[in-house]
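Next comes structure31.txt, with compact mmCIF, C-alpha atoms.
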# COMPACT_ATOMS: atom_id res chain seq x y z
CA MET A 25 5.94 12.66 16.58
CA MET A 26 4.54 15.80 14.98
CA ALA A 27 1.00 16.94 15.55
CA PHE A 28 -1.10 16.08 12.55
CA SER A 29 -4.42 17.50 11.53
CA ILE A 30 -6.58 15.39 9.25
CA PRO A 31 -7.57 17.40 6.13
CA THR A 32 -11.04 18.85 6.49
CA SER A 33 -11.84 19.14 2.76
CA PRO A 34 -13.50 16.00 1.39
CA LEU A 35 -11.18 15.23 -1.55
CA PRO A 36 -7.83 15.34 0.27
CA ARG A 37 -9.33 13.36 3.12
CA TYR A 38 -10.56 10.71 0.72
CA LEU A 39 -7.16 10.56 -1.00
CA LEU A 40 -5.47 10.24 2.39
CA GLN A 41 -7.69 7.27 3.26
CA LEU A 42 -6.77 5.65 -0.04
CA ALA A 43 -3.06 6.35 0.44
CA ASP A 44 -3.02 5.09 4.05
CA ASP A 45 -4.75 1.86 3.04
CA GLN A 46 -2.16 1.31 0.30
CA LEU A 47 0.79 2.11 2.58
CA VAL A 48 -0.30 -0.21 5.39
CA MET A 49 -1.43 -2.97 3.01
CA GLY A 50 1.86 -2.73 1.13
CA HIS A 51 3.81 -2.96 4.36
CA ARG A 52 1.86 -6.00 5.50
CA ASN A 53 2.18 -7.77 2.15
CA SER A 54 5.92 -7.14 2.16
CA GLU A 55 6.10 -9.31 5.28
CA TRP A 56 5.66 -12.32 2.99
CA THR A 57 9.07 -11.65 1.48
CA GLY A 58 11.13 -14.75 2.17
CA LEU A 59 8.18 -16.61 3.69
CA GLY A 60 5.87 -17.25 0.73
CA PRO A 61 4.47 -20.77 0.43
CA ILE A 62 6.29 -21.14 -2.88
CA LEU A 63 8.99 -18.97 -4.40
CA GLU A 64 6.71 -17.49 -7.06
CA GLU A 65 4.14 -16.41 -4.46
CA ASP A 66 6.86 -14.92 -2.35
CA ILE A 67 7.86 -12.84 -5.37
CA ALA A 68 4.26 -12.02 -6.28
CA PHE A 69 3.37 -10.73 -2.81
CA SER A 70 6.60 -8.75 -2.63
CA SER A 71 6.02 -7.22 -6.02
CA ILE A 72 2.38 -6.35 -5.24
CA ALA A 73 3.58 -4.83 -1.96
CA GLN A 74 6.00 -2.61 -3.88
CA ASP A 75 3.17 -1.51 -6.18
CA GLN A 76 1.00 -0.60 -3.20
CA VAL A 77 3.64 1.44 -1.41
CA GLY A 78 4.26 3.13 -4.77
CA HIS A 79 0.56 3.98 -5.07
CA SER A 80 0.54 5.48 -1.59
CA LEU A 81 3.56 7.60 -2.53
CA ALA A 82 1.79 8.90 -5.64
CA PHE A 83 -1.20 10.04 -3.56
CA TYR A 84 0.96 11.50 -0.75
CA GLU A 85 2.83 13.43 -3.46
CA ILE A 86 -0.42 14.96 -4.75
CA LEU A 87 -1.56 15.68 -1.19
CA HIS A 88 1.73 17.49 -0.65
CA GLN A 89 1.83 19.39 -3.96
CA THR A 90 -1.82 20.36 -4.21
CA TYR A 91 -3.34 20.18 -0.74
CA GLY A 92 -0.57 21.51 1.48
CA LEU A 93 0.20 18.36 3.46
CA ASP A 94 3.79 17.79 4.56
CA ASN A 95 6.12 15.95 2.15
CA PRO A 96 5.39 12.24 1.52
CA ASP A 97 8.05 10.96 3.96
CA GLN A 98 6.72 13.08 6.82
CA THR A 99 3.09 12.26 5.99
CA ALA A 100 3.79 8.54 5.79
CA PHE A 101 6.20 8.10 8.68
CA ASN A 102 5.65 10.94 11.14
CA ARG A 103 2.03 10.65 12.15
CA PRO A 104 0.39 9.52 15.37
CA GLU A 105 -1.72 6.38 15.19
CA ASN A 106 -5.00 8.33 15.38
CA GLY A 107 -3.93 10.35 12.34
CA MET A 108 -3.87 7.19 10.21
CA LEU A 109 -7.10 6.69 8.26
CA SER A 110 -6.49 3.15 7.04
CA SER A 111 -9.10 0.46 7.59
CA TRP A 112 -8.77 -2.36 10.13
CA LEU A 113 -8.54 -4.88 7.31
CA VAL A 114 -5.12 -3.78 6.09
CA GLU A 115 -3.42 -3.47 9.49
CA GLN A 116 -4.11 -7.04 10.63
CA THR A 117 -1.05 -9.29 10.85
CA ILE A 118 -0.46 -11.56 7.84
CA GLY A 119 -1.83 -14.68 9.53
CA ASP A 120 -1.57 -17.77 7.37
CA TYR A 121 -1.45 -17.71 3.60
CA ALA A 122 -5.22 -18.27 3.32
CA PHE A 123 -5.90 -15.16 5.41
CA SER A 124 -3.45 -13.00 3.44
CA LEU A 125 -4.80 -14.26 0.13
CA VAL A 126 -8.46 -13.68 0.99
CA ARG A 127 -7.60 -10.24 2.34
CA HIS A 128 -5.62 -9.47 -0.84
CA TRP A 129 -8.62 -10.50 -2.96
CA CYS A 130 -11.14 -8.48 -0.91
CA TYR A 131 -8.85 -5.48 -0.76
CA ASP A 132 -7.78 -5.25 -4.38
CA GLN A 133 -11.33 -5.72 -5.68
CA ALA A 134 -12.24 -2.64 -3.63
CA VAL A 135 -9.22 -0.67 -4.86
CA ALA A 136 -10.19 -1.53 -8.44
CA LEU A 137 -13.64 -0.01 -7.84
CA ARG A 138 -12.16 3.11 -6.25
CA TYR A 139 -9.75 3.65 -9.14
CA GLU A 140 -12.54 3.04 -11.65
CA SER A 141 -14.48 5.89 -10.06
CA LEU A 142 -11.44 8.13 -9.56
CA ALA A 143 -10.68 7.83 -13.27
CA GLN A 144 -13.88 9.89 -13.83
CA ILE A 145 -12.73 12.84 -11.73
CA GLN A 146 -12.46 16.35 -13.23
CA ASP A 147 -8.85 16.97 -12.08
CA PRO A 148 -6.65 15.83 -15.01
CA ASN A 149 -3.68 14.89 -12.79
CA LEU A 150 -5.72 12.62 -10.56
CA GLN A 151 -7.55 11.22 -13.55
CA ALA A 152 -4.28 10.35 -15.30
CA LEU A 153 -2.92 8.83 -12.10
CA ALA A 154 -6.00 6.64 -11.62
CA MET A 155 -5.76 5.44 -15.23
CA LYS A 156 -2.09 4.62 -14.76
CA LEU A 157 -2.46 2.76 -11.46
CA ARG A 158 -5.51 0.86 -12.68
CA GLY A 159 -3.38 -1.47 -14.82
CA GLU A 160 -1.36 -2.64 -11.82
CA VAL A 161 -4.50 -3.28 -9.81
CA LYS A 162 -5.91 -5.29 -12.72
CA TYR A 163 -2.98 -7.67 -12.27
CA HIS A 164 -3.44 -7.71 -8.47
CA THR A 165 -7.05 -8.79 -8.87
CA PHE A 166 -6.12 -11.36 -11.54
CA HIS A 167 -3.49 -12.80 -9.24
CA ALA A 168 -5.87 -12.92 -6.27
CA GLN A 169 -8.77 -14.41 -8.25
CA THR A 170 -6.63 -17.09 -9.82
CA TRP A 171 -5.46 -18.38 -6.44
CA MET A 172 -8.87 -17.95 -4.76
CA LYS A 173 -10.50 -20.04 -7.45
CA SER A 174 -7.76 -22.63 -7.42
CA LEU A 175 -7.71 -23.11 -3.64
CA LEU A 176 -11.50 -22.97 -3.23
CA GLN A 177 -11.77 -25.71 -5.85
CA GLY A 178 -8.66 -27.59 -4.70
CA SER A 179 -8.53 -30.20 -1.97
CA GLU A 180 -10.91 -30.47 0.98
CA GLU A 181 -8.24 -28.97 3.23
CA SER A 182 -7.58 -25.98 0.97
CA ARG A 183 -11.32 -25.31 0.61
CA LEU A 184 -11.93 -25.39 4.37
CA ARG A 185 -8.98 -23.14 5.09
CA MET A 186 -10.18 -20.63 2.50
CA LEU A 187 -13.74 -20.67 3.86
CA SER A 188 -12.52 -20.10 7.39
CA ALA A 189 -10.32 -17.23 6.20
CA LEU A 190 -13.30 -15.74 4.35
CA LYS A 191 -15.36 -15.69 7.55
CA GLU A 192 -12.51 -14.04 9.40
CA VAL A 193 -11.78 -11.41 6.75
CA TRP A 194 -15.31 -10.49 5.67
CA PRO A 195 -16.39 -8.20 8.57
CA MET A 196 -13.16 -6.24 8.25
CA ALA A 197 -13.51 -6.11 4.47
CA LEU A 198 -16.93 -4.50 4.97
CA GLY A 199 -15.20 -2.00 7.25
CA MET A 200 -13.27 -0.64 4.23
CA PHE A 201 -16.52 1.08 3.29
CA GLU A 202 -16.99 2.92 6.57
CA ALA A 203 -18.80 6.26 6.28
CA TRP A 204 -16.50 9.26 6.71
CA PRO A 205 -17.05 13.00 7.31
CA GLY A 206 -17.27 14.90 4.04
CA GLU A 207 -18.47 11.87 2.11
CA THR A 208 -21.81 13.40 1.08
CA ASP A 209 -20.05 16.58 -0.14
CA LEU A 210 -17.68 14.58 -2.30
CA MET A 211 -20.66 12.73 -3.77
CA GLN A 212 -21.92 16.06 -5.14
CA GLU A 213 -18.70 16.86 -6.99
CA LEU A 214 -19.06 16.60 -10.77
CA GLY A 215 -16.60 14.50 -12.73
CA SER A 216 -15.22 14.76 -16.26
CA GLN A 217 -18.44 13.28 -17.69
CA GLY A 218 -20.55 15.99 -16.06
CA HIS A 219 -22.02 13.73 -13.41
CA PRO A 220 -20.76 12.81 -9.91
CA TRP A 221 -17.67 10.60 -10.02
CA TYR A 222 -17.68 9.35 -6.42
CA PRO A 223 -20.65 7.08 -5.63
CA GLY A 224 -20.16 7.10 -1.83
CA GLU A 225 -19.17 4.26 0.45
CA LYS A 226 -22.59 2.61 0.62
CA ASN A 227 -22.80 2.27 -3.16
CA LEU A 228 -19.19 1.14 -3.45
CA GLN A 229 -19.84 -1.50 -0.81
CA ASP A 230 -22.96 -2.76 -2.59
CA LEU A 231 -21.08 -3.03 -5.87
CA TRP A 232 -18.11 -4.72 -4.20
CA GLU A 233 -20.32 -7.17 -2.33
CA THR A 234 -22.37 -8.09 -5.40
CA ARG A 235 -19.25 -8.83 -7.42
CA ALA A 236 -17.52 -10.69 -4.60
CA LEU A 237 -20.52 -12.88 -3.80
CA GLU A 238 -20.99 -13.66 -7.50
CA SER A 239 -17.37 -14.76 -7.81
CA LEU A 240 -17.57 -16.87 -4.65
CA ALA A 241 -20.74 -18.57 -5.87
CA SER A 242 -19.10 -19.29 -9.23
CA TRP A 243 -16.26 -21.02 -7.35
CA GLY A 244 -18.73 -23.28 -5.58
CA VAL A 245 -18.97 -21.44 -2.26
CA GLU A 246 -22.35 -21.73 -0.57
CA VAL A 247 -22.53 -18.06 0.27
CA GLU A 248 -25.83 -18.33 2.10
CA ALA A 249 -24.62 -21.11 4.41
CA LEU A 250 -21.40 -19.24 5.16
CA GLY A 251 -23.47 -16.35 6.55
CA LEU A 252 -21.41 -13.59 4.94
CA GLN A 253 -24.45 -11.42 4.25
CA ARG A 254 -25.41 -11.37 7.92
CA MET A 255 -22.03 -10.11 9.13
CA GLU A 256 -21.53 -6.67 10.67
CA PRO A 257 -18.67 -4.44 9.49
CA VAL A 258 -15.69 -3.70 11.74
CA LEU A 259 -15.50 0.08 11.88
CA GLY A 260 -13.20 2.75 13.27
CA GLY A 261 -10.25 2.97 10.88
CA ARG A 262 -11.55 5.90 8.84
CA GLN A 263 -11.99 7.88 12.08
CA GLY A 264 -8.46 7.10 13.31
CA TYR A 265 -9.44 4.32 15.74
CA HIS A 266 -7.43 1.18 15.22
CA SER A 267 -6.93 -2.40 16.39
CA GLU A 268 -3.95 -3.40 18.52
CA HIS A 269 -2.07 -4.33 15.34
CA LEU A 270 -1.46 -0.87 13.89
CA ALA A 271 0.78 0.57 16.62
CA PRO A 272 3.44 -2.20 16.39
CA LEU A 273 3.31 -1.94 12.59
CA LEU A 274 3.90 1.82 12.68
CA GLU A 275 6.65 1.27 15.22
CA GLU A 276 8.44 -1.08 12.86
CA MET A 277 7.68 0.83 9.67
CA THR A 278 9.03 4.11 11.04
CA ALA A 279 12.04 2.68 12.94
CA VAL A 280 14.62 3.81 10.39
CA PHE A 281 12.86 7.09 9.70
CA ARG A 282 12.81 8.03 13.40
CA LEU A 283 16.60 7.72 13.67
CA ASP A 284 16.74 11.07 11.88
CA PRO A 285 13.35 12.48 10.86
CA GLN A 286 14.91 15.39 8.95
CA ALA A 287 17.32 13.28 6.90
CA GLU A 288 17.33 13.73 3.13
CA TRP A 289 16.88 10.33 1.49
CA MET B 22 19.99 -44.61 -9.83
CA PRO B 23 16.56 -43.15 -10.54
CA ILE B 24 16.09 -39.39 -10.36
CA LEU B 25 13.71 -38.85 -7.44
CA SER B 26 12.99 -35.24 -8.13
CA LEU B 27 13.86 -32.36 -10.39
CA ASP B 28 14.26 -30.29 -7.23
CA PRO B 29 17.94 -30.42 -6.18
CA ARG B 30 16.91 -29.85 -2.53
CA VAL B 31 15.02 -33.14 -2.57
CA ASN B 32 17.96 -34.94 -4.13
CA ARG B 33 20.33 -33.45 -1.56
CA LEU B 34 18.35 -35.26 1.14
CA GLN B 35 19.88 -38.46 -0.25
CA ALA B 36 16.45 -39.97 -0.08
CA GLU B 37 17.62 -42.78 -2.35
CA GLU B 38 18.99 -44.46 0.76
CA VAL B 39 15.46 -44.91 2.05
CA PRO B 40 14.26 -48.46 1.36
CA ALA B 41 11.81 -48.56 -1.51
CA ASP B 42 8.92 -49.74 0.67
CA GLN B 43 9.37 -46.70 2.93
CA ALA B 44 9.74 -44.14 0.16
CA PRO B 45 7.15 -41.36 0.23
CA VAL B 46 4.34 -41.76 -2.24
CA LEU B 47 3.97 -38.86 -4.64
CA VAL B 48 0.42 -37.65 -5.03
CA PRO B 49 -0.80 -35.39 -7.84
CA GLY B 50 -0.07 -31.79 -6.93
CA ASP B 51 3.19 -32.53 -5.10
CA HIS B 52 5.10 -31.96 -8.28
CA TRP B 53 3.59 -29.40 -10.56
CA PRO B 54 3.99 -29.74 -14.31
CA SER B 55 6.06 -27.22 -16.18
CA TYR B 56 4.76 -24.59 -18.57
CA GLN B 57 6.71 -22.92 -21.34
CA VAL B 58 6.55 -19.15 -21.31
CA PHE B 59 6.62 -17.02 -24.46
CA HIS B 60 7.14 -13.30 -24.15
CA GLN B 61 6.20 -10.59 -26.65
CA ARG B 62 7.87 -7.24 -26.19
CA ARG B 63 5.68 -5.13 -28.48
CA ARG B 64 2.57 -5.82 -30.49
CA GLY B 65 3.37 -7.29 -33.91
CA GLU B 66 6.70 -8.71 -32.80
CA LYS B 67 7.09 -12.45 -32.34
CA HIS B 68 6.58 -14.24 -29.02
CA SER B 69 9.91 -15.67 -27.91
CA SER B 70 10.50 -18.58 -25.59
CA VAL B 71 11.94 -17.17 -22.36
CA GLY B 72 11.82 -20.09 -19.94
CA ILE B 73 9.52 -22.22 -17.83
CA VAL B 74 7.42 -21.99 -14.67
CA HIS B 75 6.07 -24.84 -12.55
CA ALA B 76 2.40 -24.41 -11.74
CA PRO B 77 -0.72 -26.38 -10.81
CA SER B 78 -2.79 -24.91 -13.67
CA LEU B 79 -2.56 -22.87 -16.87
CA GLU B 80 -4.02 -19.81 -15.16
CA ILE B 81 -1.58 -19.91 -12.28
CA ALA B 82 1.22 -20.49 -14.76
CA MET B 83 0.18 -17.21 -16.39
CA ALA B 84 0.19 -15.38 -13.05
CA MET B 85 3.65 -16.75 -12.33
CA ALA B 86 4.92 -15.99 -15.83
CA LYS B 87 3.86 -12.36 -15.40
CA GLU B 88 5.90 -12.16 -12.23
CA GLN B 89 8.96 -14.11 -13.43
CA PHE B 90 9.30 -12.90 -17.00
CA ALA B 91 7.44 -9.59 -17.30
CA ARG B 92 8.54 -7.84 -14.14
CA ARG B 93 11.12 -5.69 -15.87
CA GLY B 94 11.32 -4.00 -19.25
CA GLU B 95 8.68 -3.83 -21.93
CA THR B 96 5.96 -6.43 -22.40
CA SER B 97 2.82 -6.44 -24.48
CA ASN B 98 1.74 -10.07 -24.24
CA LEU B 99 2.54 -13.50 -22.80
CA TRP B 100 1.73 -17.06 -23.81
CA VAL B 101 1.97 -20.09 -21.55
CA VAL B 102 1.86 -23.61 -22.93
CA CYS B 103 1.93 -26.84 -20.95
CA THR B 104 5.28 -28.44 -21.74
CA ALA B 105 3.56 -31.81 -22.13
CA ASP B 106 1.56 -30.33 -25.03
CA VAL B 107 4.70 -29.51 -26.96
CA LEU B 108 5.69 -32.13 -29.52
CA GLU B 109 9.42 -32.39 -29.26
CA MET B 110 11.82 -34.12 -31.63
CA ASP B 111 14.01 -36.78 -30.17
CA TYR B 112 17.67 -35.76 -29.87
CA ALA B 113 18.46 -39.22 -31.22
CA ASP B 114 17.13 -37.88 -34.52
CA GLU B 115 19.45 -34.91 -34.51
CA ASP B 116 21.35 -36.57 -37.36
CA VAL B 117 18.61 -35.59 -39.81
CA PHE B 118 19.98 -32.05 -39.60
CA ARG B 119 23.66 -32.95 -39.71
CA THR B 120 24.23 -32.31 -43.42
CA THR B 121 22.10 -29.15 -43.61
CA PRO B 122 24.95 -26.66 -42.99
CA ALA B 123 26.80 -28.19 -45.94
CA LYS B 124 23.94 -27.50 -48.37
CA SER B 125 25.20 -24.12 -49.39
CA TYR B 126 23.11 -24.24 -52.57
CA ARG B 127 20.08 -23.54 -50.36
CA ASP B 128 21.67 -20.31 -49.26
CA PRO B 129 21.63 -17.29 -51.63
CA ALA B 130 25.28 -16.67 -50.76
CA GLY B 131 26.03 -20.12 -52.12
CA TYR B 132 25.47 -19.05 -55.70
CA LYS B 133 28.70 -17.83 -57.26
CA VAL B 134 27.31 -15.54 -59.94
CA ASN B 135 29.46 -12.49 -59.32
CA ASP B 136 32.01 -13.55 -61.94
CA LYS B 137 29.27 -13.80 -64.54
CA ILE B 138 27.80 -10.41 -63.58
CA GLU B 139 31.22 -8.76 -63.78
CA ALA B 140 31.85 -10.36 -67.18
CA TYR B 141 28.44 -9.20 -68.43
CA LYS B 142 29.08 -5.61 -67.23
CA ALA B 143 32.50 -5.59 -68.90
CA GLN B 144 30.92 -6.86 -72.12
CA GLN B 145 28.29 -4.09 -72.06
CA THR B 146 30.81 -1.26 -71.64
CA THR B 147 33.13 -2.40 -74.46
CA PRO B 148 31.72 -1.31 -77.82

Step by step, read the file and then write its structure as structure tokens.
Amino acid sequence: MMAFSIPTSPLPRYLLQLADDQLVMGHRNSEWTGLGPILEEDIAFSSIAQDQVGHSLAFYEILHQTYGLDNPDQTAFNRPENGMLSSWLVEQTIGDYAFSLVRHWCYDQAVALRYESLAQIQDPNLQALAMKLRGEVKYHTFHAQTWMKSLLQGSEESRLRMLSALKEVWPMALGMFEAWPGETDLMQELGSQGHPWYPGEKNLQDLWETRALESLASWGVEVEALGLQRMEPVLGGRQGYHSEHLAPLLEEMTAVFRLDPQAEW
Amino acid sequence: MPILSLDPRVNRLQAEEVPADQAPVLVPGDHWPSYQVFHQRRRGEKHSSVGIVHAPSLEIAMAMAKEQFARRGETSNLWVVCTADVLEMDYADEDVFRTTPAKSYRDPAGYKVNDKIEAYKAQQTTP
């Protein structure tokens, strides 16, 4: 394992957080391959997983080309656990389908917001990338919403399982918006429209929460009774502190890579 | 013998040997209806029928159609239509079309006018 120093400049650090989330989320979602509740969902989760790993690659590529990080393979597969800046939400094991689906919905709504803001950045390469990736995330959120709505309004069993998954996922979903060093500096940076493009984690969280609670209410969830608004976020991921689930995931994800770390793929 | 299911895995269970009074009762949702999927490659082109998906709702049919029929190559739009909403002709009535291929007079190639055109041209060139 090579020593890794987390970028100190705000933008590359932010991009690394985004990329790590996508990489770990993609890896977790790929675990549904062959196990999906129905064939089409198996394919959908696998295909979304491929998109997410692809998004992480695109950001690692920019971090390598522009910000001097090691090449994407090394950055993705040759880092100690405390060098990973992904949130606790994405590293959790897949659980049952309700858990994975609620996580997918919470996660991709947040990614959509991040890409919306990134599309306003000054840097034309990053701006073009955000515009390009946005379309895929639009489908991810459509897919997630469609199933959320359907299962929350389905049978009594499906509704209860979804509500219980919501309570389990929510605190970790809030943890996606953990404050990080350099955040306030990035909030000052002017975007292509002449005003700041990055609203900061607090604002992103507020926007995410408002939209999520609105959707849940429209699907008949009694948000107040569920107590979501009184939950505390699970923090640590953005500082490199992780749950017990990340280490085994990294172990498995890097197994082939570690056979020969210098191999040309 | 009645067809128990459109799913060959169910039929392979040889469930028909189960006495009728012990047969499982199908409840709505166990077998999802089918939806016809129409795919449009580029704007302005026609939507073509590409196959079906089984889904519990129109919206989920659309999500599945995206995955099954728009995962590769170019796509600009998709339609999904519940198969039950499609009015289909009965194959027993296929005979109404039987004589159509013989009606060559409905086909421009069926008109044998070339002889007349050639004769007219020849007439024009001879003084």

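Counting only C-alpha atoms, A:Ala154 has the following residues at most 7 Å away, ignoring those fewer than 3 positions along the same chain: Tyr139, Leu142, Ala143, Leu150, Gln151, Leu157 and Arg158 of chain A.
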
Quick one: which residues from chain A are at most 10 Å off chain B, using all atoms listed in the file, as a PyMOL selection string? chain A and resi 63-65+67-69+71-72+163-164+166-171+174+178-179

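Here atom CA of A:Asp97 and atom CA of A:Glu213 stand 29.5 Å from one another.
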
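Of the residues listed (B:Arg62, B:Asp128, B:Ser69, B:Val117), B:Arg62 shows the shortest atom-to-atom separation from B:Asn98; distances use only C-alpha atoms.
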
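Pairwise distance (atom CA of A:Glu225, atom CA of A:Gln253) equals 17.0 Å.
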
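Our summary of the geometry notes that atom CA of A:Gly60 is positioned 15.3 Å from atom CA of A:Arg127.
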
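Compared by their closest atoms to A:Leu175, and using all atoms listed in the file, the residues A:Pro104, A:Gly244, A:Pro195, A:Pro272 rank with A:Gly244 nearest.
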
Looking at all atoms listed in the file, which of A:Met49, A:Thr57, A:Ser110, A:Phe101 is the one that sits closest to A:Ala279? A:Phe101

Counting only C-alpha atoms, the option among A:Pro285, A:Pro34, A:Gly261, A:Pro96 closest to A:Met200: A:Gly261
